[in-house]
Every structure is written in C-alpha cells, then in structure tokens.
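J.: Provided herewith: upload.csv, CSV, C-alpha atoms.
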chain,number,residue,atom,x,y,z
Q,1,MET,CA,47.8,218.6,198.4
Q,2,ASP,CA,47.6,220.6,201.6
Q,3,PRO,CA,44.8,223.3,201.3
Q,4,ASP,CA,47.0,226.0,202.7
Q,5,ARG,CA,49.6,225.2,200.1
Q,6,ILE,CA,47.0,225.5,197.3
Q,7,ALA,CA,45.8,228.8,198.7
Q,8,ASP,CA,49.3,230.1,198.8
Q,9,VAL,CA,50.0,229.2,195.2
Q,10,THR,CA,46.7,230.4,193.7
Q,11,ARG,CA,46.4,233.6,195.7
Q,12,ARG,CA,50.0,234.8,196.1
Q,13,SER,CA,52.8,232.8,194.5
Q,14,PHE,CA,51.3,232.0,191.1
Q,15,ILE,CA,49.7,235.4,190.4
Q,16,GLY,CA,52.5,237.3,192.1
Q,17,GLY,CA,55.1,235.4,190.1
Q,18,ILE,CA,53.5,235.9,186.7
Q,19,GLY,CA,51.8,239.3,187.3
Q,20,VAL,CA,48.3,240.7,188.0
Q,21,SER,CA,47.3,239.3,184.6
Q,22,ALA,CA,49.3,236.9,182.5
Q,23,ALA,CA,47.9,238.6,179.5
Q,24,ALA,CA,49.6,241.8,180.7
Q,25,GLN,CA,53.1,240.4,180.3
Q,26,THR,CA,54.9,241.7,177.3
Q,27,LEU,CA,56.9,238.9,175.8
Q,28,ASN,CA,59.9,241.0,174.5
Q,29,ALA,CA,61.5,237.8,173.3
Q,30,ALA,CA,64.4,239.4,171.5
Q,31,PRO,CA,67.1,242.0,172.3
Q,32,ALA,CA,66.2,245.7,171.6
Q,33,GLY,CA,66.4,246.5,167.9
Q,34,LYS,CA,66.1,242.9,166.8
Q,35,LYS,CA,63.1,241.1,165.5
Q,36,VAL,CA,61.3,238.5,167.6
Q,37,LYS,CA,61.6,235.1,165.8
Q,38,ILE,CA,58.4,233.2,166.6
Q,39,GLY,CA,57.0,229.8,165.7
Q,40,ILE,CA,53.5,228.4,166.3
Q,41,VAL,CA,52.3,224.9,167.3
Q,42,GLY,CA,48.6,224.2,166.7
Q,43,GLY,CA,47.1,224.9,163.3
Q,44,GLY,CA,43.5,225.4,164.3
Q,45,PHE,CA,43.1,228.5,166.5
Q,46,GLY,CA,46.9,229.2,166.1
Q,47,SER,CA,46.5,230.1,162.5
Q,48,SER,CA,44.2,233.1,163.2
Q,49,PHE,CA,46.8,235.6,164.3
Q,50,GLN,CA,48.9,238.2,162.5
Q,51,TRP,CA,52.4,237.7,164.0
Q,52,HIS,CA,54.0,237.8,160.5
Q,53,MET,CA,52.5,241.3,159.9
Q,54,HIS,CA,54.2,242.9,162.8
Q,55,PRO,CA,57.3,245.0,161.8
Q,56,ASN,CA,59.3,243.7,164.7
Q,57,CYS,CA,58.4,240.0,164.2
Q,58,SER,CA,59.9,237.3,162.0
Q,59,PHE,CA,57.9,234.1,161.6
Q,60,THR,CA,60.3,231.2,161.4
Q,61,ALA,CA,58.6,227.8,161.9
Q,62,VAL,CA,55.2,226.0,162.3
Q,63,CYS,CA,54.2,222.6,163.8
Q,64,ASP,CA,51.1,220.4,163.8
Q,65,ILE,CA,50.6,216.6,163.7
Q,66,ARG,CA,47.7,217.0,161.2
Q,67,PRO,CA,48.8,217.6,157.6
Q,68,ASP,CA,45.8,219.8,156.8
Q,69,ARG,CA,46.5,222.1,159.8
Q,70,LEU,CA,50.2,222.2,159.1
Q,71,GLN,CA,49.4,223.3,155.6
Q,72,ARG,CA,47.0,225.9,157.0
Q,73,LEU,CA,49.8,227.3,159.3
Q,74,SER,CA,52.3,227.3,156.4
Q,75,GLU,CA,50.0,229.2,154.2
Q,76,ALA,CA,48.7,231.7,156.8
Q,77,TYR,CA,52.1,232.7,157.9
Q,78,ARG,CA,53.9,232.2,154.6
Q,79,CYS,CA,56.4,229.9,156.3
Q,80,SER,CA,58.1,226.9,154.7
Q,81,ASN,CA,59.7,225.5,157.8
Q,82,THR,CA,57.2,222.9,158.8
Q,83,TYR,CA,57.4,220.2,161.5
Q,84,LYS,CA,55.1,217.4,162.6
Q,85,ASN,CA,57.3,216.6,165.7
Q,86,TYR,CA,57.2,219.1,168.5
Q,87,ARG,CA,60.6,218.3,169.9
Q,88,GLU,CA,62.2,218.7,166.5
Q,89,PHE,CA,60.3,222.0,166.0
Q,90,LEU,CA,61.9,223.3,169.3
Q,91,LYS,CA,65.3,222.6,167.8
Q,92,HIS,CA,64.7,224.9,164.9
Q,93,PRO,CA,67.8,227.2,164.9
Q,94,GLU,CA,65.9,230.5,164.5
Q,95,LEU,CA,63.3,230.5,167.3
Q,96,ASP,CA,63.1,233.0,170.2
Q,97,ALA,CA,59.5,232.4,171.2
Q,98,VAL,CA,56.9,229.7,170.8
Q,99,GLY,CA,53.1,230.1,170.5
Q,100,VAL,CA,51.2,227.2,172.0
Q,101,PHE,CA,47.7,226.9,170.5
Q,102,THR,CA,47.0,223.2,171.0
Q,103,PRO,CA,44.2,221.5,173.1
Q,104,LEU,CA,44.0,222.8,176.7
Q,105,PRO,CA,45.3,219.7,178.4
Q,106,LEU,CA,48.6,220.0,176.5
Q,107,HIS,CA,49.3,223.7,177.3
Q,108,VAL,CA,51.5,223.3,180.4
Q,109,TRP,CA,53.5,220.4,179.2
Q,110,MET,CA,54.3,222.1,175.9
Q,111,ASP,CA,55.0,225.4,177.6
Q,112,ILE,CA,57.5,223.8,179.9
Q,113,GLU,CA,59.2,221.9,177.1
Q,114,ALA,CA,59.6,225.1,175.2
Q,115,MET,CA,61.2,226.9,178.1
Q,116,LYS,CA,63.5,223.9,178.7
Q,117,ALA,CA,64.6,224.5,175.1
Q,118,GLY,CA,65.3,228.2,175.9
Q,119,LYS,CA,62.2,229.7,174.3
Q,120,HIS,CA,59.8,232.3,175.6
Q,121,VAL,CA,56.2,231.2,175.5
Q,122,ILE,CA,52.8,232.7,174.6
Q,123,SER,CA,49.9,230.2,175.2
Q,124,ALA,CA,46.2,230.0,174.4
Q,125,VAL,CA,43.9,230.2,177.4
Q,126,PRO,CA,43.5,228.9,180.0
Q,127,ALA,CA,47.0,228.5,181.3
Q,128,GLY,CA,46.4,225.0,182.7
Q,129,MET,CA,43.9,222.6,184.2
Q,130,ALA,CA,45.0,222.2,187.8
Q,131,VAL,CA,46.9,223.9,190.6
Q,132,GLU,CA,49.7,221.3,190.5
Q,133,GLU,CA,50.6,221.9,186.9
Q,134,LEU,CA,50.3,225.6,187.3
Q,135,GLU,CA,52.9,225.3,190.0
Q,136,ARG,CA,55.2,223.5,187.6
Q,137,LEU,CA,54.6,226.3,185.0
Q,138,LEU,CA,55.5,229.0,187.5
Q,139,GLU,CA,58.6,227.0,188.7
Q,140,SER,CA,59.7,226.8,185.0
Q,141,VAL,CA,59.3,230.5,184.5
Q,142,GLN,CA,61.3,231.2,187.7
Q,143,SER,CA,64.0,228.7,187.1
Q,144,THR,CA,64.7,229.6,183.4
Q,145,GLY,CA,64.2,233.4,183.6
Q,146,LEU,CA,62.1,233.2,180.5
Q,147,LYS,CA,58.8,234.9,179.9
Q,148,TYR,CA,55.3,233.4,179.7
Q,149,MET,CA,52.3,235.3,178.3
Q,150,MET,CA,48.7,234.0,178.3
Q,151,ALA,CA,46.9,235.2,175.2
Q,152,GLU,CA,43.7,236.3,176.8
Q,153,THR,CA,41.7,238.4,174.4
Q,154,SER,CA,39.4,240.1,176.9
Q,155,TYR,CA,42.4,242.1,178.2
Q,156,TYR,CA,42.5,243.9,174.8
Q,157,ARG,CA,38.8,244.6,174.3
Q,158,PRO,CA,38.4,248.3,173.5
Q,159,GLU,CA,36.1,248.7,176.5
Q,160,ILE,CA,38.6,247.1,178.8
Q,161,ILE,CA,41.5,249.2,177.5
Q,162,THR,CA,39.3,252.3,178.2
Q,163,CYS,CA,38.3,251.1,181.7
Q,164,ARG,CA,41.9,250.2,182.6
Q,165,GLU,CA,43.0,253.7,181.8
Q,166,TRP,CA,40.1,255.3,183.5
Q,167,ALA,CA,40.8,253.2,186.6
Q,168,ARG,CA,44.4,254.3,186.6
Q,169,GLU,CA,43.3,257.9,186.3
Q,170,GLY,CA,40.9,257.5,189.3
Q,171,ARG,CA,37.8,258.3,187.3
Q,172,PHE,CA,35.8,255.4,188.8
Q,173,GLY,CA,36.6,256.5,192.3
Q,174,THR,CA,36.5,253.1,194.1
Q,175,ILE,CA,35.4,250.1,192.0
Q,176,PHE,CA,33.6,248.3,194.8
Q,177,TYR,CA,31.7,245.8,192.6
Q,178,SER,CA,32.4,244.3,189.2
Q,179,GLU,CA,30.7,241.7,187.0
Q,180,ALA,CA,31.8,239.7,183.9
Q,181,GLU,CA,30.1,237.0,181.9
Q,182,TYR,CA,31.0,234.6,179.2
Q,183,HIS,CA,27.9,232.9,177.5
Q,184,HIS,CA,28.6,230.4,174.7
Q,185,GLU,CA,25.6,228.3,173.6
Q,186,GLY,CA,26.3,225.9,170.7
Q,187,LEU,CA,29.4,224.0,172.0
Q,188,LEU,CA,28.1,220.5,171.4
Q,189,PRO,CA,29.7,220.1,168.0
Q,190,LEU,CA,33.1,221.0,169.5
Q,191,MET,CA,32.8,218.3,172.2
Q,192,TYR,CA,33.3,215.6,169.6
Q,193,ASP,CA,35.8,215.1,166.8
Q,194,ASP,CA,35.1,214.1,163.3
Q,195,ARG,CA,35.1,210.4,164.3
Q,196,GLY,CA,32.6,211.0,167.1
Q,197,PHE,CA,35.1,210.7,169.9
Q,198,PRO,CA,35.0,213.1,172.8
Q,199,THR,CA,37.4,216.1,172.7
Q,200,TRP,CA,38.9,217.9,175.6
Q,201,ARG,CA,35.8,220.2,175.6
Q,202,HIS,CA,33.5,217.2,176.3
Q,203,GLY,CA,31.9,218.2,179.6
Q,204,LEU,CA,34.5,220.8,180.4
Q,205,PRO,CA,33.6,222.5,183.8
Q,206,PRO,CA,32.7,226.1,183.1
Q,207,MET,CA,35.0,227.5,185.7
Q,208,HIS,CA,37.9,225.7,184.1
Q,209,TYR,CA,37.6,228.3,181.4
Q,210,PRO,CA,37.0,231.6,183.3
Q,211,THR,CA,39.7,233.8,181.7
Q,212,HIS,CA,37.4,235.6,179.2
Q,213,SER,CA,35.7,237.0,182.3
Q,214,THR,CA,38.6,237.3,184.8
Q,215,GLY,CA,40.6,238.9,182.0
Q,216,MET,CA,38.3,241.8,182.3
Q,217,VAL,CA,37.8,242.1,186.0
Q,218,VAL,CA,41.4,241.7,187.2
Q,219,PRO,CA,43.1,244.2,184.9
Q,220,VAL,CA,40.5,246.9,185.4
Q,221,THR,CA,40.3,246.6,189.2
Q,222,GLY,CA,44.0,245.8,189.7
Q,223,GLU,CA,42.9,243.3,192.4
Q,224,ARG,CA,43.3,239.6,192.6
Q,225,LEU,CA,40.4,237.2,193.1
Q,226,VAL,CA,41.1,235.5,196.4
Q,227,GLU,CA,37.9,233.9,197.7
Q,228,MET,CA,35.0,232.3,195.8
Q,229,GLN,CA,31.7,230.5,196.2
Q,230,ALA,CA,29.9,229.1,193.2
Q,231,VAL,CA,26.6,227.6,192.2
Q,232,GLY,CA,26.3,225.4,189.1
Q,233,TRP,CA,23.3,224.1,187.0
Q,234,GLY,CA,23.0,221.0,184.9
Q,235,ASP,CA,20.1,219.0,183.5
Q,236,GLY,CA,21.5,215.4,183.7
Q,237,HIS,CA,22.4,215.4,180.0
Q,238,GLU,CA,24.5,212.4,178.9
Q,239,ILE,CA,27.6,214.6,178.5
Q,240,LEU,CA,27.2,215.7,182.1
Q,241,GLN,CA,27.2,212.1,183.2
Q,242,THR,CA,30.0,210.7,181.1
Q,243,ASN,CA,32.7,213.4,180.9
Q,244,GLU,CA,36.2,212.6,182.3
Q,245,TYR,CA,36.0,215.8,184.5
Q,246,LYS,CA,33.1,214.3,186.5
Q,247,ASN,CA,31.4,217.7,185.9
Q,248,PRO,CA,27.6,217.8,186.3
Q,249,PHE,CA,27.1,221.4,185.3
Q,250,TRP,CA,26.5,223.3,182.0
Q,251,ASN,CA,26.7,226.7,183.7
Q,252,THR,CA,28.3,228.1,186.8
Q,253,THR,CA,28.0,231.5,188.5
Q,254,ALA,CA,30.7,232.4,191.0
Q,255,PHE,CA,30.8,235.2,193.6
Q,256,PHE,CA,34.4,236.4,194.4
Q,257,LYS,CA,36.0,238.5,197.1
Q,258,THR,CA,39.0,240.5,195.7
Q,259,SER,CA,42.3,241.2,197.4
Q,260,GLY,CA,41.0,244.7,198.0
Q,261,GLY,CA,38.0,243.5,199.9
Q,262,HIS,CA,35.6,244.2,197.1
Q,263,SER,CA,33.1,241.9,195.4
Q,264,SER,CA,32.8,240.4,191.9
Q,265,ARG,CA,30.4,238.1,190.1
Q,266,ILE,CA,31.5,236.0,187.2
Q,267,SER,CA,29.3,233.6,185.2
Q,268,VAL,CA,30.4,231.1,182.5
Q,269,PHE,CA,27.5,229.4,180.6
Q,270,TRP,CA,27.7,226.7,178.0
Q,271,HIS,CA,24.0,226.2,177.6
Q,272,VAL,CA,21.7,229.2,177.8
Q,273,ALA,CA,18.9,230.7,175.7
Q,274,ALA,CA,20.7,234.0,175.3
Q,275,GLY,CA,23.0,235.8,172.8
Q,276,GLY,CA,26.7,234.8,173.0
Q,277,THR,CA,28.6,237.4,174.9
Q,278,GLU,CA,31.8,238.3,176.6
Q,279,ARG,CA,31.0,241.4,178.6
Q,280,GLY,CA,31.7,243.1,181.9
Q,281,HIS,CA,30.7,246.1,184.0
Q,282,PHE,CA,32.3,248.1,186.7
Q,283,TYR,CA,30.5,250.0,189.4
Q,284,GLY,CA,32.4,252.8,191.2
Q,285,ASP,CA,31.3,255.5,193.7
Q,286,ARG,CA,31.9,258.2,191.1
Q,287,LEU,CA,31.6,256.5,187.7
Q,288,SER,CA,30.4,253.2,186.3
Q,289,TYR,CA,30.8,251.5,182.9
Q,290,ILE,CA,28.4,248.9,181.6
Q,291,MET,CA,29.3,247.1,178.4
Q,292,ALA,CA,26.8,246.5,175.6
Q,293,ARG,CA,24.5,243.5,175.8
Q,294,PRO,CA,23.7,241.1,172.9
Q,295,GLU,CA,20.2,242.6,172.6
Q,296,ARG,CA,21.9,245.8,171.5
Q,297,SER,CA,21.7,248.0,174.6
Q,298,PRO,CA,24.8,250.2,174.1
Q,299,ASN,CA,28.0,250.7,176.1
Q,300,THR,CA,26.9,253.0,178.9
Q,301,VAL,CA,28.6,255.3,181.2
Q,302,ILE,CA,27.0,256.5,184.4
Q,303,GLN,CA,28.5,259.3,186.3
Q,304,ILE,CA,27.7,261.5,189.4
Q,305,SER,CA,28.6,264.9,188.1
Q,306,LYS,CA,28.0,268.6,188.7
Q,307,ASN,CA,28.0,270.8,185.6
Q,308,GLY,CA,29.5,268.0,183.6
Q,309,LYS,CA,32.4,267.5,186.0
Q,310,THR,CA,33.3,265.3,189.0
Q,311,VAL,CA,33.1,267.5,192.1
Q,312,ILE,CA,34.1,266.1,195.5
Q,313,ASP,CA,32.8,267.7,198.7
Q,314,SER,CA,34.8,268.1,201.9
Q,315,ASN,CA,33.8,264.6,203.0
Q,316,GLY,CA,34.9,262.9,199.8
Q,317,TYR,CA,31.4,262.5,198.5
Q,318,PRO,CA,30.7,263.4,194.8
Q,319,GLU,CA,28.3,266.3,194.3
Q,320,GLY,CA,25.7,266.6,191.6
Q,321,ASP,CA,23.3,264.2,189.9
Q,322,VAL,CA,23.5,260.7,188.3
Q,323,LYS,CA,23.8,261.1,184.5
Q,324,ILE,CA,23.4,258.1,182.2
Q,325,GLU,CA,24.7,258.2,178.7
Q,326,ALA,CA,25.4,255.9,175.8
Q,327,TYR,CA,29.2,255.8,175.2
Q,328,LYS,CA,30.7,255.8,171.8
Q,329,GLN,CA,33.6,253.4,172.4
Q,330,PRO,CA,36.7,254.0,170.3
Q,331,ASP,CA,38.4,250.9,168.9
Q,332,HIS,CA,42.0,252.0,169.8
Q,333,MET,CA,43.3,250.6,166.5
Q,334,GLU,CA,45.4,253.7,166.1
Q,335,ARG,CA,47.7,252.4,168.8
Q,336,LEU,CA,48.7,249.4,166.7
Q,337,PRO,CA,51.4,249.5,164.1
Q,338,GLU,CA,49.8,250.4,160.8
Q,339,SER,CA,50.4,247.0,159.3
Q,340,LEU,CA,48.3,245.4,162.1
Q,341,ARG,CA,45.2,247.6,161.6
Q,342,VAL,CA,43.2,244.9,160.0
Q,343,ARG,CA,40.2,242.7,160.9
Q,344,SER,CA,41.1,239.8,163.2
Q,345,GLY,CA,39.6,237.2,165.5
Q,346,HIS,CA,37.6,237.8,168.7
Q,347,GLY,CA,36.2,241.1,167.4
Q,348,GLY,CA,39.6,242.5,166.3
Q,349,LEU,CA,41.6,241.6,169.3
Q,350,HIS,CA,44.1,239.1,167.8
Q,351,THR,CA,46.1,242.0,166.3
Q,352,PHE,CA,46.5,243.5,169.8
Q,353,ILE,CA,48.0,240.2,171.1
Q,354,ALA,CA,50.3,240.0,168.1
Q,355,ALA,CA,51.4,243.6,168.9
Q,356,ARG,CA,52.0,242.9,172.5
Q,357,ILE,CA,54.9,240.6,171.8
Q,358,CYS,CA,57.1,243.5,170.6
Q,359,GLN,CA,55.7,246.7,172.0
Q,360,ARG,CA,54.3,248.2,175.2
Q,361,ASP,CA,50.7,247.6,176.1
Q,362,PRO,CA,48.2,249.4,173.9
Please re-express this file's structure in structure tokens.

T.:
Amino acid sequence: MDPDRIADVTRRSFIGGIGVSAAAQTLNAAPAGKKVKIGIVGGGFGSSFQWHMHPNCSFTAVCDIRPDRLQRLSEAYRCSNTYKNYREFLKHPELDAVGVFTPLPLHVWMDIEAMKAGKHVISAVPAGMAVEELERLLESVQSTGLKYMMAETSYYRPEIITCREWAREGRFGTIFYSEAEYHHEGLLPLMYDDRGFPTWRHGLPPMHYPTHSTGMVVPVTGERLVEMQAVGWGDGHEILQTNEYKNPFWNTTAFFKTSGGHSSRISVFWHVAAGGTERGHFYGDRLSYIMARPERSPNTVIQISKNGKTVIDSNGYPEGDVKIEAYKQPDHMERLPESLRVRSGHGGLHTFIAARICQRDP
C-alpha cells in the first residue's frame, strides 16, 4: 500500500471518521425511550460485563462455538437464546447491537458482518490488526450509517475521567507532554491453548495492543498521535523466533508527536520485573497529574499556585510556587445508574462501558 495512503487513513480518515477516541462513541443503538437490545459473541472476556443490569438495556442473545463458554454467557446474562453459529446469531429477531469479544484477529470480520446485518457494534480492543482491515471497518461504518464503539477500559479510569474534565476546564494550561504505560508480565500461559497450540497472543507485538495507553493520552489531551518512533527489546526466546507476526520483541517503547505538536511516550511491556500497571501522567504548564504506581506511590497533583489558586501574570505565566500533593481520587460511581454501582472488571470499569451504550459519557 502507498505510504501516503496509509498516513492519510491512520492520521485523518480513520480517526476523523470514528472520533478522537473510539471509546468515546456512545452507541445509542435504540430510539429514544426504548431499550437497547444487545447480544454478545465470545464467552470468555465477553461474559464479564453488566449489560443486563442497565435499566435501558435488554439482553436478547448469546453466541460461542464452545459449549462451556456458551453456557457461561447464558448464565451470566440470564439469557436462554443461545447460538453456536455466528451468522444465525445475527438473524436473531430482537437484536439492535452486537458485542464482539472474540480473539483479536476476528474482530474486524465479525464487526463488519454485524453491520451488514444492520446491527450496531461494540468490540473488544484493539479494533483490528492492520491498516487495511481498519479501512474496511471505517468504510462499513460510513456506508451503513451504523455506530461502532471500541470498548477501551482506560477511557473510563477514574483518574482519566478527572483529567479529561480538568483538561476541558483548562486547569492543566497546556499539556505539552504525556506518558502512559501498560506492563503485563505473566502472559506466557495465554499464548498457548489447553492443547498446547499457539493462540493469537503468541508473540503478539506489543504495539499491536496499545489502546490501554492511547486510551488515556488521546482523550485527555484531545490530540491525535500522528508521528512515532519506537525501540523494542527481546531476548531471543523461542516465542520471539517462531510467532506468526515475525515479532522479535517482548517490550516496546514509543515516542509520539501529537497533532498539536506536543510529545508523548507510550510503553507496552509483556516481560518486565515490575508490578502490572495501566497508568498515565500529564504534564502541563500550570498543573500536572501523575497516576499511582504499583509500588504504592499515590495519585499526585502538582500545581503552580499562589495562595492556593492559579494566578496568571500579564505575560501568561503562572505566579506562585510548585505544590505537590497526594490526590484522593473519587471513583465517579455516582454517575452510573444505581443498578450498575457494583464491582466489575478492570478495576470497576466494565460498568462504565455498559452504561455508555445508553447514556451520555460519565
């Protein structure tokens, strides 16, 4: 594919067509006043949400080729309409939207088939594997007029909800630098199935799974990531020599330029002697926010202030001193319907994704 065409899709057409963050798209899959009728395919990760508990959602059908996972879906969502065949599932008469929570290489194909059948789509991350298939996904959204939402949990982290709002209010001033990191040691068991065969995770390139990090940076800064240089590290492990992706790296660190001309560092590590984390921090010229680290340093807010307030001089420079304080981060659960204020996956974020289908952004 022509490099200019790739750049056009990734930097303008794709992001511009779906939105600054696909996670930020409200599905709104039913007319006002009516319940969203949703069905889920994929009984592993897909069984860990709370769609059926939302007052504006009606759970109508489930699908998986594995009997055990199909049963898990049926029990989790109290749904008796079960399918092993995806195409038959899409024909279910009461289905406004489909949740695709299958292995990553199947996402785009299943998304497009659902839209061909007239269904809105929410999909597990990442959206796809390659620019070419993301082009097809975008074309399907544009041609059908249906909505696509990527279920990125990081968008709904309490810290990110707070930082998004503070950024809109101008409290950061200019966010000229941001960082985000996703560290996930212990993935080897997931790289093989119960027969010992490689799964789609076998040797997956770290930067094919960046959304837990980009899902923090892009929504807070409001800027797209348009240029990138990256450095990877690997140790010659058998998995790094035999995977179908031809990926030699366990870990990758990337440095991005944003559409606003600012900088951002993102790291994705599969093999690291450190606590697992999904965290970000945002440096502004008036205020900065640093998320808690696994070793238990707290969420921290750093602000240039005078007598506890941001005061700007005639040249636009903040007056006062730098003040560093631990920040007691609210969980924002009060923004959810009462029925969804329960414990859920990814640190309580699944309920926010379930809520997003039928209401405005929390």

J.: Out of Q:Gln50, Q:Trp109, Q:His184, Q:Ser305, which residue has the shortest atom-to-atom distance to Arg356 (chain Q) when counting only C-alpha atoms?

T.: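 Checking each candidate against Arg356 (chain Q), we get Q:Gln50 as the closest.
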
J.: Using only C-alpha atoms, which residues sit within 8 Å of Gly276 (chain Q) once same-chain residues fewer than 6 positions away are excluded, as a PyMOL selection string?

T.: chain Q and resi 182-185+294

J.: Hey, can you spit out that residue selection with C-alpha atoms as a PDB file, keeping the file's coordinate frame?

T.:
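Printed below is selection.pdb as written:
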ATOM      1  CA  TYR Q 182      31.000 234.600 179.200  1.00  0.00           C
ATOM      2  CA  HIS Q 183      27.900 232.900 177.500  1.00  0.00           C
ATOM      3  CA  HIS Q 184      28.600 230.400 174.700  1.00  0.00           C
ATOM      4  CA  GLU Q 185      25.600 228.300 173.600  1.00  0.00           C
ATOM      5  CA  PRO Q 294      23.700 241.100 172.900  1.00  0.00           C
TER       6      PRO Q 294
END

J.: If you count all atoms listed in the file, which residues fall within 9 Å of Ser48 (chain Q), apart from same-chain ones fewer than 3 positions away, as a ChimeraX atom specification?

T.: /Q:43-45,73,76,344-345,350

J.: Could you jot down the CA of Asp235 (chain Q) to CA of Val268 (chain Q) separation for me, Å, one decimal place?

T.: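 So the two atoms, CA of Asp235 (chain Q) and CA of Val268 (chain Q), lie 15.9 Å apart.
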
J.: In Å, rounded to a single decimal, give me how far CA of His107 (chain Q) is from CA of Tyr245 (chain Q).

T.: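 Atom-to-atom, CA of Tyr245 (chain Q) and CA of His107 (chain Q) are spaced 17.1 Å apart.
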
J.: With distances taken over all atoms listed in the file, which residue among Q:Leu70, Q:Ile324, Q:Leu104, Q:Leu225 lies nearest His202 (chain Q)?

T.: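 Using all atoms listed in the file, the shortest distance to His202 (chain Q) belongs to Q:Leu104.
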
J.: Hey, what's within 10 Å of Thr162 (chain Q) if we count only C-alpha atoms and toss same-chain stuff fewer than 3 positions away? As a list in words, please?

T.: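 Near neighbours after the sequence-gap exclusion: Tyr156, Arg157, Pro158, Glu159, Glu165, Trp166, Ala167, Val220, Tyr289, Gln329, Pro330, Asp331 and His332 of chain Q.
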
J.: What's around Arg78 (chain Q) at 12 Å? Count all atoms listed in the file, leave out sequence neighbours fewer than 5 positions away in its own chain, and write the answer as an mmCIF file with C-alpha atoms, keeping the file's coordinate frame.

T.:
data_model
loop_
_atom_site.group_PDB
_atom_site.id
_atom_site.type_symbol
_atom_site.label_atom_id
_atom_site.label_comp_id
_atom_site.auth_asym_id
_atom_site.auth_seq_id
_atom_site.Cartn_x
_atom_site.Cartn_y
_atom_site.Cartn_z
ATOM 1 C CA GLY Q 39 57.000 229.800 165.700
ATOM 2 C CA SER Q 47 46.500 230.100 162.500
ATOM 3 C CA GLN Q 50 48.900 238.200 162.500
ATOM 4 C CA TRP Q 51 52.400 237.700 164.000
ATOM 5 C CA HIS Q 52 54.000 237.800 160.500
ATOM 6 C CA MET Q 53 52.500 241.300 159.900
ATOM 7 C CA SER Q 58 59.900 237.300 162.000
ATOM 8 C CA PHE Q 59 57.900 234.100 161.600
ATOM 9 C CA THR Q 60 60.300 231.200 161.400
ATOM 10 C CA ALA Q 61 58.600 227.800 161.900
ATOM 11 C CA VAL Q 62 55.200 226.000 162.300
ATOM 12 C CA LEU Q 70 50.200 222.200 159.100
ATOM 13 C CA GLN Q 71 49.400 223.300 155.600
ATOM 14 C CA ARG Q 72 47.000 225.900 157.000
ATOM 15 C CA LEU Q 73 49.800 227.300 159.300
#
